Every structure is written in C-alpha cells, then in structure tokens.
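Peer 1: So I've got this file, input22.cif, and it contains mmCIF, N, CA and C atoms:
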data_final
loop_
_atom_site.label_atom_id
_atom_site.label_comp_id
_atom_site.auth_asym_id
_atom_site.auth_seq_id
_atom_site.Cartn_x
_atom_site.Cartn_y
_atom_site.Cartn_z
N MET V 19 60.47 -90.91 40.56
CA MET V 19 59.57 -90.49 41.63
C MET V 19 59.95 -91.23 42.91
N GLU V 20 59.95 -90.51 43.99
CA GLU V 20 60.35 -91.07 45.28
C GLU V 20 59.15 -91.70 45.98
N ASP V 21 59.27 -92.97 46.35
CA ASP V 21 58.19 -93.66 47.06
C ASP V 21 58.57 -93.80 48.53
N ARG V 22 58.92 -92.70 49.13
CA ARG V 22 59.36 -92.72 50.52
C ARG V 22 58.21 -93.11 51.45
N LEU V 23 58.52 -93.88 52.48
CA LEU V 23 57.55 -94.24 53.50
C LEU V 23 57.92 -93.53 54.79
N TYR V 24 56.91 -93.11 55.51
CA TYR V 24 57.10 -92.33 56.73
C TYR V 24 56.61 -93.13 57.93
N LYS V 25 57.39 -93.11 59.00
CA LYS V 25 57.01 -93.80 60.24
C LYS V 25 55.95 -92.97 60.97
N ILE V 26 55.24 -93.62 61.87
CA ILE V 26 54.13 -92.96 62.56
C ILE V 26 54.59 -91.72 63.32
N GLY V 27 55.77 -91.76 63.91
CA GLY V 27 56.28 -90.59 64.64
C GLY V 27 56.47 -89.39 63.73
N GLU V 28 57.00 -89.65 62.51
CA GLU V 28 57.20 -88.57 61.55
C GLU V 28 55.85 -87.98 61.11
N VAL V 29 54.91 -88.85 60.86
CA VAL V 29 53.59 -88.40 60.41
C VAL V 29 52.89 -87.61 61.52
N CYS V 30 53.05 -88.06 62.76
CA CYS V 30 52.46 -87.34 63.89
C CYS V 30 53.01 -85.92 63.98
N ARG V 31 54.31 -85.78 63.78
CA ARG V 31 54.91 -84.44 63.81
C ARG V 31 54.39 -83.59 62.65
N MET V 32 54.30 -84.19 61.46
CA MET V 32 53.80 -83.43 60.29
C MET V 32 52.37 -82.96 60.50
N ALA V 33 51.54 -83.85 61.02
CA ALA V 33 50.11 -83.55 61.16
C ALA V 33 49.78 -82.90 62.51
N ASP V 34 50.73 -82.90 63.41
CA ASP V 34 50.54 -82.35 64.75
C ASP V 34 49.38 -83.04 65.48
N VAL V 35 49.42 -84.38 65.46
CA VAL V 35 48.45 -85.19 66.20
C VAL V 35 49.21 -86.30 66.93
N GLN V 36 48.58 -86.88 67.90
CA GLN V 36 49.18 -87.96 68.68
C GLN V 36 49.03 -89.29 67.93
N PRO V 37 49.93 -90.26 68.21
CA PRO V 37 49.84 -91.56 67.53
C PRO V 37 48.50 -92.26 67.75
N TYR V 38 47.92 -92.15 68.95
CA TYR V 38 46.64 -92.83 69.19
C TYR V 38 45.54 -92.25 68.31
N VAL V 39 45.66 -90.96 67.93
CA VAL V 39 44.68 -90.34 67.05
C VAL V 39 44.77 -90.98 65.66
N LEU V 40 46.00 -91.14 65.16
CA LEU V 40 46.17 -91.78 63.86
C LEU V 40 45.66 -93.21 63.87
N ARG V 41 45.97 -93.94 64.94
CA ARG V 41 45.51 -95.33 65.02
C ARG V 41 43.99 -95.39 65.04
N TYR V 42 43.35 -94.45 65.75
CA TYR V 42 41.89 -94.41 65.78
C TYR V 42 41.35 -94.09 64.40
N TRP V 43 41.93 -93.09 63.74
CA TRP V 43 41.46 -92.72 62.40
C TRP V 43 41.56 -93.90 61.44
N GLU V 44 42.59 -94.72 61.61
CA GLU V 44 42.73 -95.91 60.75
C GLU V 44 41.53 -96.84 60.90
N THR V 45 40.95 -96.90 62.08
CA THR V 45 39.79 -97.76 62.29
C THR V 45 38.52 -97.15 61.70
N GLU V 46 38.49 -95.83 61.58
CA GLU V 46 37.28 -95.14 61.10
C GLU V 46 37.31 -94.82 59.61
N PHE V 47 38.48 -94.62 59.06
CA PHE V 47 38.60 -94.21 57.66
C PHE V 47 39.31 -95.31 56.87
N PRO V 48 38.56 -96.03 56.03
CA PRO V 48 39.18 -97.12 55.26
C PRO V 48 40.28 -96.64 54.31
N GLN V 49 40.29 -95.36 53.98
CA GLN V 49 41.31 -94.82 53.09
C GLN V 49 42.69 -94.85 53.74
N LEU V 50 42.71 -94.96 55.07
CA LEU V 50 43.98 -95.03 55.80
C LEU V 50 44.28 -96.48 56.12
N ALA V 51 45.21 -97.03 55.40
CA ALA V 51 45.62 -98.42 55.64
C ALA V 51 47.12 -98.51 55.42
N PRO V 52 47.89 -97.98 56.38
CA PRO V 52 49.35 -97.98 56.18
C PRO V 52 49.90 -99.41 56.16
N ASN V 53 50.96 -99.56 55.40
CA ASN V 53 51.67 -100.83 55.40
C ASN V 53 52.39 -100.94 56.74
N LYS V 54 52.76 -102.15 57.08
CA LYS V 54 53.52 -102.34 58.31
C LYS V 54 54.84 -103.02 57.97
N SER V 55 55.88 -102.58 58.65
CA SER V 55 57.20 -103.18 58.46
C SER V 55 57.21 -104.56 59.11
N GLY V 56 58.30 -105.29 58.91
CA GLY V 56 58.44 -106.61 59.53
C GLY V 56 58.29 -106.56 61.03
N GLY V 57 58.68 -105.45 61.65
CA GLY V 57 58.58 -105.29 63.10
C GLY V 57 57.24 -104.73 63.55
N GLY V 58 56.31 -104.51 62.62
CA GLY V 58 54.99 -104.01 62.98
C GLY V 58 54.87 -102.48 62.97
N GLN V 59 55.95 -101.79 62.57
CA GLN V 59 55.93 -100.32 62.51
C GLN V 59 55.06 -99.86 61.34
N ARG V 60 54.13 -98.93 61.60
CA ARG V 60 53.27 -98.40 60.54
C ARG V 60 54.12 -97.53 59.60
N LEU V 61 53.91 -97.70 58.29
CA LEU V 61 54.63 -96.94 57.29
C LEU V 61 53.63 -96.28 56.35
N TYR V 62 53.64 -94.95 56.32
CA TYR V 62 52.67 -94.18 55.56
C TYR V 62 53.27 -93.64 54.28
N THR V 63 52.45 -93.63 53.22
CA THR V 63 52.86 -93.03 51.95
C THR V 63 52.50 -91.54 51.98
N LYS V 64 53.02 -90.82 51.01
CA LYS V 64 52.70 -89.39 50.88
C LYS V 64 51.20 -89.20 50.67
N ASN V 65 50.59 -90.09 49.89
CA ASN V 65 49.14 -90.02 49.65
C ASN V 65 48.37 -90.18 50.96
N GLU V 66 48.77 -91.12 51.81
CA GLU V 66 48.09 -91.32 53.09
C GLU V 66 48.28 -90.11 54.01
N ILE V 67 49.44 -89.48 53.93
CA ILE V 67 49.67 -88.27 54.73
C ILE V 67 48.73 -87.15 54.27
N ASP V 68 48.53 -87.04 52.97
CA ASP V 68 47.58 -86.05 52.43
C ASP V 68 46.17 -86.32 52.96
N VAL V 69 45.79 -87.60 53.00
CA VAL V 69 44.47 -87.98 53.51
C VAL V 69 44.38 -87.61 55.00
N ILE V 70 45.43 -87.88 55.75
CA ILE V 70 45.46 -87.56 57.19
C ILE V 70 45.29 -86.06 57.40
N LEU V 71 46.01 -85.27 56.62
CA LEU V 71 45.90 -83.81 56.75
C LEU V 71 44.50 -83.32 56.39
N ARG V 72 43.88 -83.96 55.41
CA ARG V 72 42.51 -83.58 55.03
C ARG V 72 41.52 -83.98 56.13
N ILE V 73 41.71 -85.17 56.72
CA ILE V 73 40.84 -85.60 57.82
C ILE V 73 40.95 -84.61 58.98
N LYS V 74 42.18 -84.23 59.30
CA LYS V 74 42.39 -83.28 60.40
C LYS V 74 41.69 -81.96 60.09
N GLN V 75 41.80 -81.49 58.85
CA GLN V 75 41.14 -80.23 58.47
C GLN V 75 39.63 -80.35 58.62
N LEU V 76 39.07 -81.46 58.12
CA LEU V 76 37.62 -81.64 58.21
C LEU V 76 37.15 -81.68 59.66
N LEU V 77 37.86 -82.42 60.50
CA LEU V 77 37.43 -82.59 61.89
C LEU V 77 37.71 -81.36 62.75
N TYR V 78 38.91 -80.83 62.65
CA TYR V 78 39.32 -79.76 63.58
C TYR V 78 39.02 -78.36 63.08
N SER V 79 39.18 -78.13 61.78
CA SER V 79 38.98 -76.77 61.26
C SER V 79 37.57 -76.53 60.77
N GLU V 80 37.00 -77.54 60.09
CA GLU V 80 35.69 -77.34 59.50
C GLU V 80 34.56 -77.88 60.38
N GLY V 81 34.88 -78.53 61.48
CA GLY V 81 33.88 -78.94 62.45
C GLY V 81 33.04 -80.15 62.07
N PHE V 82 33.52 -80.98 61.16
CA PHE V 82 32.77 -82.18 60.78
C PHE V 82 32.83 -83.20 61.91
N THR V 83 31.80 -84.03 61.99
CA THR V 83 31.84 -85.20 62.87
C THR V 83 32.63 -86.28 62.12
N ILE V 84 32.95 -87.38 62.82
CA ILE V 84 33.64 -88.49 62.15
C ILE V 84 32.80 -88.98 60.98
N ALA V 85 31.50 -89.19 61.21
CA ALA V 85 30.62 -89.69 60.15
C ALA V 85 30.56 -88.71 58.98
N GLY V 86 30.45 -87.44 59.27
CA GLY V 86 30.40 -86.42 58.23
C GLY V 86 31.70 -86.35 57.45
N ALA V 87 32.82 -86.44 58.17
CA ALA V 87 34.13 -86.40 57.52
C ALA V 87 34.32 -87.62 56.62
N LYS V 88 33.82 -88.78 57.07
CA LYS V 88 33.90 -90.00 56.24
C LYS V 88 33.19 -89.79 54.91
N LYS V 89 31.96 -89.28 54.99
CA LYS V 89 31.17 -89.07 53.78
C LYS V 89 31.84 -88.04 52.86
N LYS V 90 32.28 -86.95 53.45
CA LYS V 90 32.92 -85.90 52.66
C LYS V 90 34.19 -86.42 51.99
N LEU V 91 34.99 -87.17 52.73
CA LEU V 91 36.24 -87.70 52.19
C LEU V 91 35.96 -88.70 51.07
N GLU V 92 34.97 -89.57 51.26
CA GLU V 92 34.60 -90.53 50.21
C GLU V 92 34.20 -89.80 48.94
N THR V 93 33.40 -88.76 49.12
CA THR V 93 32.95 -87.97 47.96
C THR V 93 34.14 -87.34 47.25
N GLU V 94 35.03 -86.74 48.03
CA GLU V 94 36.19 -86.06 47.44
C GLU V 94 37.12 -87.05 46.74
N LEU V 95 37.34 -88.21 47.33
CA LEU V 95 38.26 -89.17 46.74
C LEU V 95 37.66 -89.87 45.52
N ASN V 96 36.34 -89.90 45.42
CA ASN V 96 35.69 -90.52 44.27
C ASN V 96 35.52 -89.57 43.10
N GLU V 97 35.68 -88.26 43.35
CA GLU V 97 35.58 -87.28 42.28
C GLU V 97 36.86 -87.29 41.47
N PRO V 98 36.77 -87.07 40.16
CA PRO V 98 37.99 -86.95 39.39
C PRO V 98 38.73 -85.68 39.79
N ALA V 99 40.03 -85.78 39.90
CA ALA V 99 40.82 -84.62 40.33
C ALA V 99 40.83 -83.59 39.22
N ALA V 100 40.41 -82.39 39.56
CA ALA V 100 40.41 -81.28 38.61
C ALA V 100 41.29 -80.18 39.17
N PRO V 101 42.06 -79.53 38.33
CA PRO V 101 42.88 -78.44 38.85
C PRO V 101 41.99 -77.33 39.39
N GLU V 102 42.36 -76.83 40.56
CA GLU V 102 41.53 -75.81 41.19
C GLU V 102 41.85 -74.45 40.59
N THR V 103 40.87 -73.87 39.93
CA THR V 103 41.01 -72.55 39.34
C THR V 103 40.04 -71.63 40.05
N PRO V 104 40.20 -70.34 39.88
CA PRO V 104 39.25 -69.43 40.53
C PRO V 104 37.80 -69.74 40.21
N ALA V 105 37.54 -70.24 39.02
CA ALA V 105 36.16 -70.55 38.64
C ALA V 105 35.63 -71.77 39.39
N THR V 106 36.52 -72.73 39.71
CA THR V 106 36.06 -73.94 40.39
C THR V 106 36.42 -73.95 41.87
N ALA V 107 37.18 -72.98 42.33
CA ALA V 107 37.63 -72.97 43.71
C ALA V 107 36.46 -72.90 44.69
N ALA V 108 35.54 -72.00 44.47
CA ALA V 108 34.39 -71.86 45.36
C ALA V 108 33.15 -71.62 44.51
N PRO V 109 32.15 -72.44 44.65
CA PRO V 109 30.95 -72.21 43.85
C PRO V 109 30.28 -70.90 44.25
N ALA V 110 29.73 -70.27 43.27
CA ALA V 110 29.04 -69.00 43.52
C ALA V 110 27.81 -69.26 44.37
N PRO V 111 27.55 -68.38 45.34
CA PRO V 111 26.35 -68.59 46.16
C PRO V 111 25.11 -68.43 45.31
N THR V 112 24.16 -69.29 45.55
CA THR V 112 22.91 -69.20 44.80
C THR V 112 21.88 -68.49 45.66
N THR V 113 21.10 -67.67 45.02
CA THR V 113 20.04 -66.97 45.74
C THR V 113 18.71 -67.44 45.20
N THR V 114 17.81 -67.71 46.12
CA THR V 114 16.47 -68.10 45.74
C THR V 114 15.50 -67.17 46.43
N GLN V 115 14.38 -66.96 45.80
CA GLN V 115 13.36 -66.10 46.38
C GLN V 115 12.60 -66.90 47.44
N PRO V 116 12.35 -66.29 48.61
CA PRO V 116 11.59 -67.00 49.63
C PRO V 116 10.14 -67.14 49.18
N SER V 117 9.47 -68.13 49.73
CA SER V 117 8.06 -68.32 49.40
C SER V 117 7.28 -67.12 49.91
N PRO V 118 6.12 -66.84 49.34
CA PRO V 118 5.32 -65.70 49.79
C PRO V 118 4.99 -65.77 51.28
N ALA V 119 4.71 -66.97 51.80
CA ALA V 119 4.39 -67.10 53.22
C ALA V 119 5.60 -66.75 54.08
N LEU V 120 6.78 -67.20 53.66
CA LEU V 120 8.00 -66.89 54.41
C LEU V 120 8.30 -65.40 54.35
N ALA V 121 8.15 -64.81 53.18
CA ALA V 121 8.39 -63.38 53.01
C ALA V 121 7.46 -62.57 53.92
N LYS V 122 6.18 -62.97 54.00
CA LYS V 122 5.22 -62.26 54.85
C LYS V 122 5.62 -62.41 56.32
N ALA V 123 6.00 -63.63 56.71
CA ALA V 123 6.39 -63.87 58.10
C ALA V 123 7.61 -63.03 58.46
N LEU V 124 8.57 -62.94 57.55
CA LEU V 124 9.77 -62.14 57.82
C LEU V 124 9.44 -60.65 57.92
N LEU V 125 8.55 -60.18 57.05
CA LEU V 125 8.15 -58.77 57.12
C LEU V 125 7.39 -58.48 58.42
N ASP V 126 6.51 -59.40 58.83
CA ASP V 126 5.79 -59.22 60.09
C ASP V 126 6.77 -59.18 61.27
N MET V 127 7.75 -60.09 61.23
CA MET V 127 8.73 -60.13 62.31
C MET V 127 9.54 -58.83 62.34
N LYS V 128 9.91 -58.34 61.17
CA LYS V 128 10.67 -57.08 61.10
C LYS V 128 9.85 -55.93 61.68
N ARG V 129 8.56 -55.89 61.34
CA ARG V 129 7.68 -54.83 61.86
C ARG V 129 7.57 -54.92 63.38
N GLU V 130 7.35 -56.16 63.88
CA GLU V 130 7.22 -56.33 65.32
C GLU V 130 8.50 -55.98 66.06
N LEU V 131 9.64 -56.35 65.49
CA LEU V 131 10.91 -55.99 66.13
C LEU V 131 11.11 -54.47 66.14
N GLY V 132 10.67 -53.82 65.07
CA GLY V 132 10.74 -52.35 65.04
C GLY V 132 9.88 -51.74 66.13
N GLU V 133 8.68 -52.31 66.34
CA GLU V 133 7.80 -51.81 67.40
C GLU V 133 8.43 -52.03 68.77
N ILE V 134 9.05 -53.17 68.97
CA ILE V 134 9.71 -53.44 70.26
C ILE V 134 10.86 -52.47 70.47
N LEU V 135 11.65 -52.24 69.43
CA LEU V 135 12.77 -51.30 69.54
C LEU V 135 12.26 -49.90 69.86
N GLU V 136 11.19 -49.49 69.21
CA GLU V 136 10.61 -48.17 69.46
C GLU V 136 10.13 -48.09 70.91
N LEU V 137 9.49 -49.14 71.38
CA LEU V 137 8.99 -49.19 72.75
C LEU V 137 10.14 -49.08 73.76
N LEU V 138 11.21 -49.80 73.49
CA LEU V 138 12.35 -49.81 74.41
C LEU V 138 13.12 -48.49 74.38
N SER V 139 13.13 -47.80 73.25
CA SER V 139 13.91 -46.57 73.16
C SER V 139 13.09 -45.32 73.46
N SER V 140 11.79 -45.48 73.71
CA SER V 140 10.96 -44.30 74.01
C SER V 140 11.29 -43.78 75.40
N ASP V 141 10.81 -42.59 75.70
CA ASP V 141 11.09 -41.95 76.98
C ASP V 141 10.08 -42.30 78.06
N GLN V 142 9.34 -43.37 77.91
CA GLN V 142 8.36 -43.77 78.90
C GLN V 142 9.07 -44.23 80.17
N PRO V 143 8.46 -44.00 81.33
CA PRO V 143 9.03 -44.54 82.57
C PRO V 143 9.06 -46.05 82.52
N ALA V 144 9.95 -46.64 83.27
CA ALA V 144 10.14 -48.09 83.27
C ALA V 144 8.86 -48.82 83.64
N GLU V 145 8.06 -48.27 84.61
CA GLU V 145 6.82 -48.93 85.02
C GLU V 145 5.87 -49.06 83.84
N ARG V 146 5.75 -47.99 83.09
CA ARG V 146 4.82 -47.98 81.96
C ARG V 146 5.26 -48.98 80.88
N LYS V 147 6.60 -49.03 80.63
CA LYS V 147 7.12 -49.96 79.64
C LYS V 147 6.75 -51.38 80.01
N SER V 148 7.01 -51.75 81.25
CA SER V 148 6.75 -53.13 81.65
C SER V 148 5.25 -53.41 81.63
N ALA V 149 4.43 -52.42 81.93
CA ALA V 149 2.99 -52.62 81.89
C ALA V 149 2.54 -52.85 80.45
N THR V 150 3.15 -52.12 79.51
CA THR V 150 2.80 -52.29 78.11
C THR V 150 3.19 -53.68 77.64
N ILE V 151 4.36 -54.12 78.03
CA ILE V 151 4.82 -55.44 77.62
C ILE V 151 3.95 -56.52 78.24
N ARG V 152 3.57 -56.37 79.51
CA ARG V 152 2.75 -57.38 80.18
C ARG V 152 1.34 -57.46 79.59
N SER V 153 0.89 -56.36 78.95
CA SER V 153 -0.47 -56.35 78.44
C SER V 153 -0.64 -57.25 77.20
N ARG V 154 0.45 -57.68 76.61
CA ARG V 154 0.35 -58.58 75.47
C ARG V 154 -0.08 -59.96 75.94
N PRO V 155 -0.80 -60.70 75.11
CA PRO V 155 -1.23 -62.05 75.51
C PRO V 155 -0.02 -62.97 75.66
N ALA V 156 -0.10 -63.84 76.65
CA ALA V 156 0.99 -64.78 76.91
C ALA V 156 1.01 -65.84 75.83
N ARG V 157 2.20 -66.34 75.51
CA ARG V 157 2.35 -67.35 74.45
C ARG V 157 2.08 -68.75 74.98
N SER V 158 2.40 -69.01 76.25
CA SER V 158 2.17 -70.36 76.76
C SER V 158 1.12 -70.31 77.85
N SER V 159 0.47 -71.44 78.06
CA SER V 159 -0.60 -71.48 79.04
C SER V 159 -0.08 -71.75 80.44
N SER V 160 1.20 -72.15 80.56
CA SER V 160 1.73 -72.43 81.89
C SER V 160 2.28 -71.15 82.52
N PRO V 161 1.99 -70.91 83.80
CA PRO V 161 2.48 -69.70 84.46
C PRO V 161 3.98 -69.78 84.65
N LYS V 162 4.64 -68.64 84.54
CA LYS V 162 6.09 -68.60 84.72
C LYS V 162 6.40 -68.59 86.22
N ALA V 163 7.46 -69.29 86.57
CA ALA V 163 7.89 -69.31 87.98
C ALA V 163 8.60 -68.01 88.29
N SER V 164 8.28 -67.42 89.41
CA SER V 164 8.93 -66.17 89.79
C SER V 164 10.15 -66.47 90.63
N SER V 165 11.19 -65.66 90.46
CA SER V 165 12.42 -65.95 91.20
C SER V 165 12.57 -65.07 92.39
#
Kindly transcribe the structure held in the file into structure tokens.

Peer 2:
Amino acid sequence: MEDRLYKIGEVCRMADVQPYVLRYWETEFPQLAPNKSGGGQRLYTKNEIDVILRIKQLLYSEGFTIAGAKKKLETELNEPAAPETPATAAPAPTTTQPSPALAKALLDMKRELGEILELLSSDQPAERKSATIRSRPARSSSPKASS
C-alpha cells in the first residue's frame, strides 16, 4: 500500500481551494492535522484529502455552516464504515399524519386561497375587486403608510 504524502499545493489543486482555506479548515476541524516536513511544509495523507473533499462538499454544495459541518463530519467519522448499497444509500422518506388541528388549518387555508383565486379571476371591475378586498378586517392595528 502506498503511503504517499501530498504537499499543500497539490491538495489545493485536487480540492480546488486556496491554501488559506485549507489552513483555516485545519483550525476548525480537528480531523485535519497534516504532518509537517522538516522545512514546515504541510504534508497530507490520502485520508486527510478525503476529509477535505467532504468538508468542501458539506460547506459549498450542501450549504452547511462551519459548526454544522463539524457536527456532521464527527458523526460520519464516528460511524462504522458500511458499504453503500441502494438500501442504505438514501433512507426512505417517512410520512406522518398531521395533527387534526394542523390538518384543519391547512384545509381552511386551502379554502381561503381558493376564494382569493376565484375573486382575482372573476370578471369584476378592478374597483369592485379592491373594495371587496378592503372590506375584510385588517390583521394589524397599526395603519399602513401610503406611498
């Protein structure tokens, strides 16, 4: 097995990130601790490159924050490695029934949106439409500023 070490420039090209990004990630992610040569050059293992690529994916592709990526990476690295099969690749979405109160609220909202759509698509003159809309009670007690 080859235990090749990669210099920071090589890793930057592989990961398509700048050296300062890698140095910053080293301060935030304890999993990144490259060895240093006698001259102080950072030397990365293949495993560390895999971690770097995963960090980049979490931050740039999946939209995680640094804190979120840290937690996710810790979880992933602490899990036993299992071969990814179609059954384990993506968990099946779970469906739960909404509570009766939520179901009623959603049905009421659907009905009200239908009424609004009907109102907007009817052949009433614009004046009448706006008068109908204005006749509804206001939701807030503060008057709206007119522009």

Peer 1: What is the distance, in Å and to one decimal place, between atom C of Glu97 (chain V) and CA of Val29 (chain V)?

Peer 2: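 So the two atoms, atom C of Glu97 (chain V) and CA of Val29 (chain V), lie 25.3 Å apart.
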
Peer 1: Show me, as a list in words, the residues that have an atom within 12 Å of Leu23 (chain V) when counting only C-alpha atoms, minus same-chain residues fewer than 5 positions from it.

Peer 2: Glu28, Val29, Pro52, Asn53, Lys54, Ser55, Gln59, Arg60, Leu61, Tyr62, Thr63, Lys64, Asn65, Glu66 and Ile67 of chain V

Peer 1: Dump N, CA and C atoms for the selected residues as a PDB file, in the coordinates of the input?

Peer 2:
ATOM      1  N   GLU V  28      57.000 -89.650  62.510  1.00  0.00           N
ATOM      2  CA  GLU V  28      57.200 -88.570  61.550  1.00  0.00           C
ATOM      3  C   GLU V  28      55.850 -87.980  61.110  1.00  0.00           C
ATOM      4  N   VAL V  29      54.910 -88.850  60.860  1.00  0.00           N
ATOM      5  CA  VAL V  29      53.590 -88.400  60.410  1.00  0.00           C
ATOM      6  C   VAL V  29      52.890 -87.610  61.520  1.00  0.00           C
ATOM      7  N   PRO V  52      47.890 -97.980  56.380  1.00  0.00           N
ATOM      8  CA  PRO V  52      49.350 -97.980  56.180  1.00  0.00           C
ATOM      9  C   PRO V  52      49.900 -99.410  56.160  1.00  0.00           C
ATOM     10  N   ASN V  53      50.960 -99.560  55.400  1.00  0.00           N
ATOM     11  CA  ASN V  53      51.670-100.830  55.400  1.00  0.00           C
ATOM     12  C   ASN V  53      52.390-100.940  56.740  1.00  0.00           C
ATOM     13  N   LYS V  54      52.760-102.150  57.080  1.00  0.00           N
ATOM     14  CA  LYS V  54      53.520-102.340  58.310  1.00  0.00           C
ATOM     15  C   LYS V  54      54.840-103.020  57.970  1.00  0.00           C
ATOM     16  N   SER V  55      55.880-102.580  58.650  1.00  0.00           N
ATOM     17  CA  SER V  55      57.200-103.180  58.460  1.00  0.00           C
ATOM     18  C   SER V  55      57.210-104.560  59.110  1.00  0.00           C
ATOM     19  N   GLN V  59      55.950-101.790  62.570  1.00  0.00           N
ATOM     20  CA  GLN V  59      55.930-100.320  62.510  1.00  0.00           C
ATOM     21  C   GLN V  59      55.060 -99.860  61.340  1.00  0.00           C
ATOM     22  N   ARG V  60      54.130 -98.930  61.600  1.00  0.00           N
ATOM     23  CA  ARG V  60      53.270 -98.400  60.540  1.00  0.00           C
ATOM     24  C   ARG V  60      54.120 -97.530  59.600  1.00  0.00           C
ATOM     25  N   LEU V  61      53.910 -97.700  58.290  1.00  0.00           N
ATOM     26  CA  LEU V  61      54.630 -96.940  57.290  1.00  0.00           C
ATOM     27  C   LEU V  61      53.630 -96.280  56.350  1.00  0.00           C
ATOM     28  N   TYR V  62      53.640 -94.950  56.320  1.00  0.00           N
ATOM     29  CA  TYR V  62      52.670 -94.180  55.560  1.00  0.00           C
ATOM     30  C   TYR V  62      53.270 -93.640  54.280  1.00  0.00           C
ATOM     31  N   THR V  63      52.450 -93.630  53.220  1.00  0.00           N
ATOM     32  CA  THR V  63      52.860 -93.030  51.950  1.00  0.00           C
ATOM     33  C   THR V  63      52.500 -91.540  51.980  1.00  0.00           C
ATOM     34  N   LYS V  64      53.020 -90.820  51.010  1.00  0.00           N
ATOM     35  CA  LYS V  64      52.700 -89.390  50.880  1.00  0.00           C
ATOM     36  C   LYS V  64      51.200 -89.200  50.670  1.00  0.00           C
ATOM     37  N   ASN V  65      50.590 -90.090  49.890  1.00  0.00           N
ATOM     38  CA  ASN V  65      49.140 -90.020  49.650  1.00  0.00           C
ATOM     39  C   ASN V  65      48.370 -90.180  50.960  1.00  0.00           C
ATOM     40  N   GLU V  66      48.770 -91.120  51.810  1.00  0.00           N
ATOM     41  CA  GLU V  66      48.090 -91.320  53.090  1.00  0.00           C
ATOM     42  C   GLU V  66      48.280 -90.110  54.010  1.00  0.00           C
ATOM     43  N   ILE V  67      49.440 -89.480  53.930  1.00  0.00           N
ATOM     44  CA  ILE V  67      49.670 -88.270  54.730  1.00  0.00           C
ATOM     45  C   ILE V  67      48.730 -87.150  54.270  1.00  0.00           C
TER      46      ILE V  67
END

Peer 1: Write out as CSV the residues of region 40-64 of chain V that have any atom within 9 Å of an atom of region 82-96 of chain V, one row each with the nearest atom pair and its distance in Å to one decimal, counting only C-alpha atoms, sorted by chain and then rising number.

Peer 2:
residue,atom,partner,partner_atom,distance
V:Trp43,CA,V:Ile84,CA,8.9
V:Glu46,CA,V:Ile84,CA,7.7
V:Phe47,CA,V:Lys88,CA,6.5
V:Pro48,CA,V:Lys88,CA,8.9
V:Gln49,CA,V:Glu92,CA,8.5

Peer 1: Could you tell me how far atom N of Gln36 (chain V) sits from CA of Ser79 (chain V), in Å to one decimal place?

Peer 2: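 We find that CA of Ser79 (chain V) and atom N of Gln36 (chain V) lie 15.4 Å from each other.
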
Peer 1: How many Å lie between CA of Val69 (chain V) and CA of Met32 (chain V), rounded to one decimal?

Peer 2: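 Separation between CA of Val69 (chain V) and CA of Met32 (chain V): 12.4 Å.
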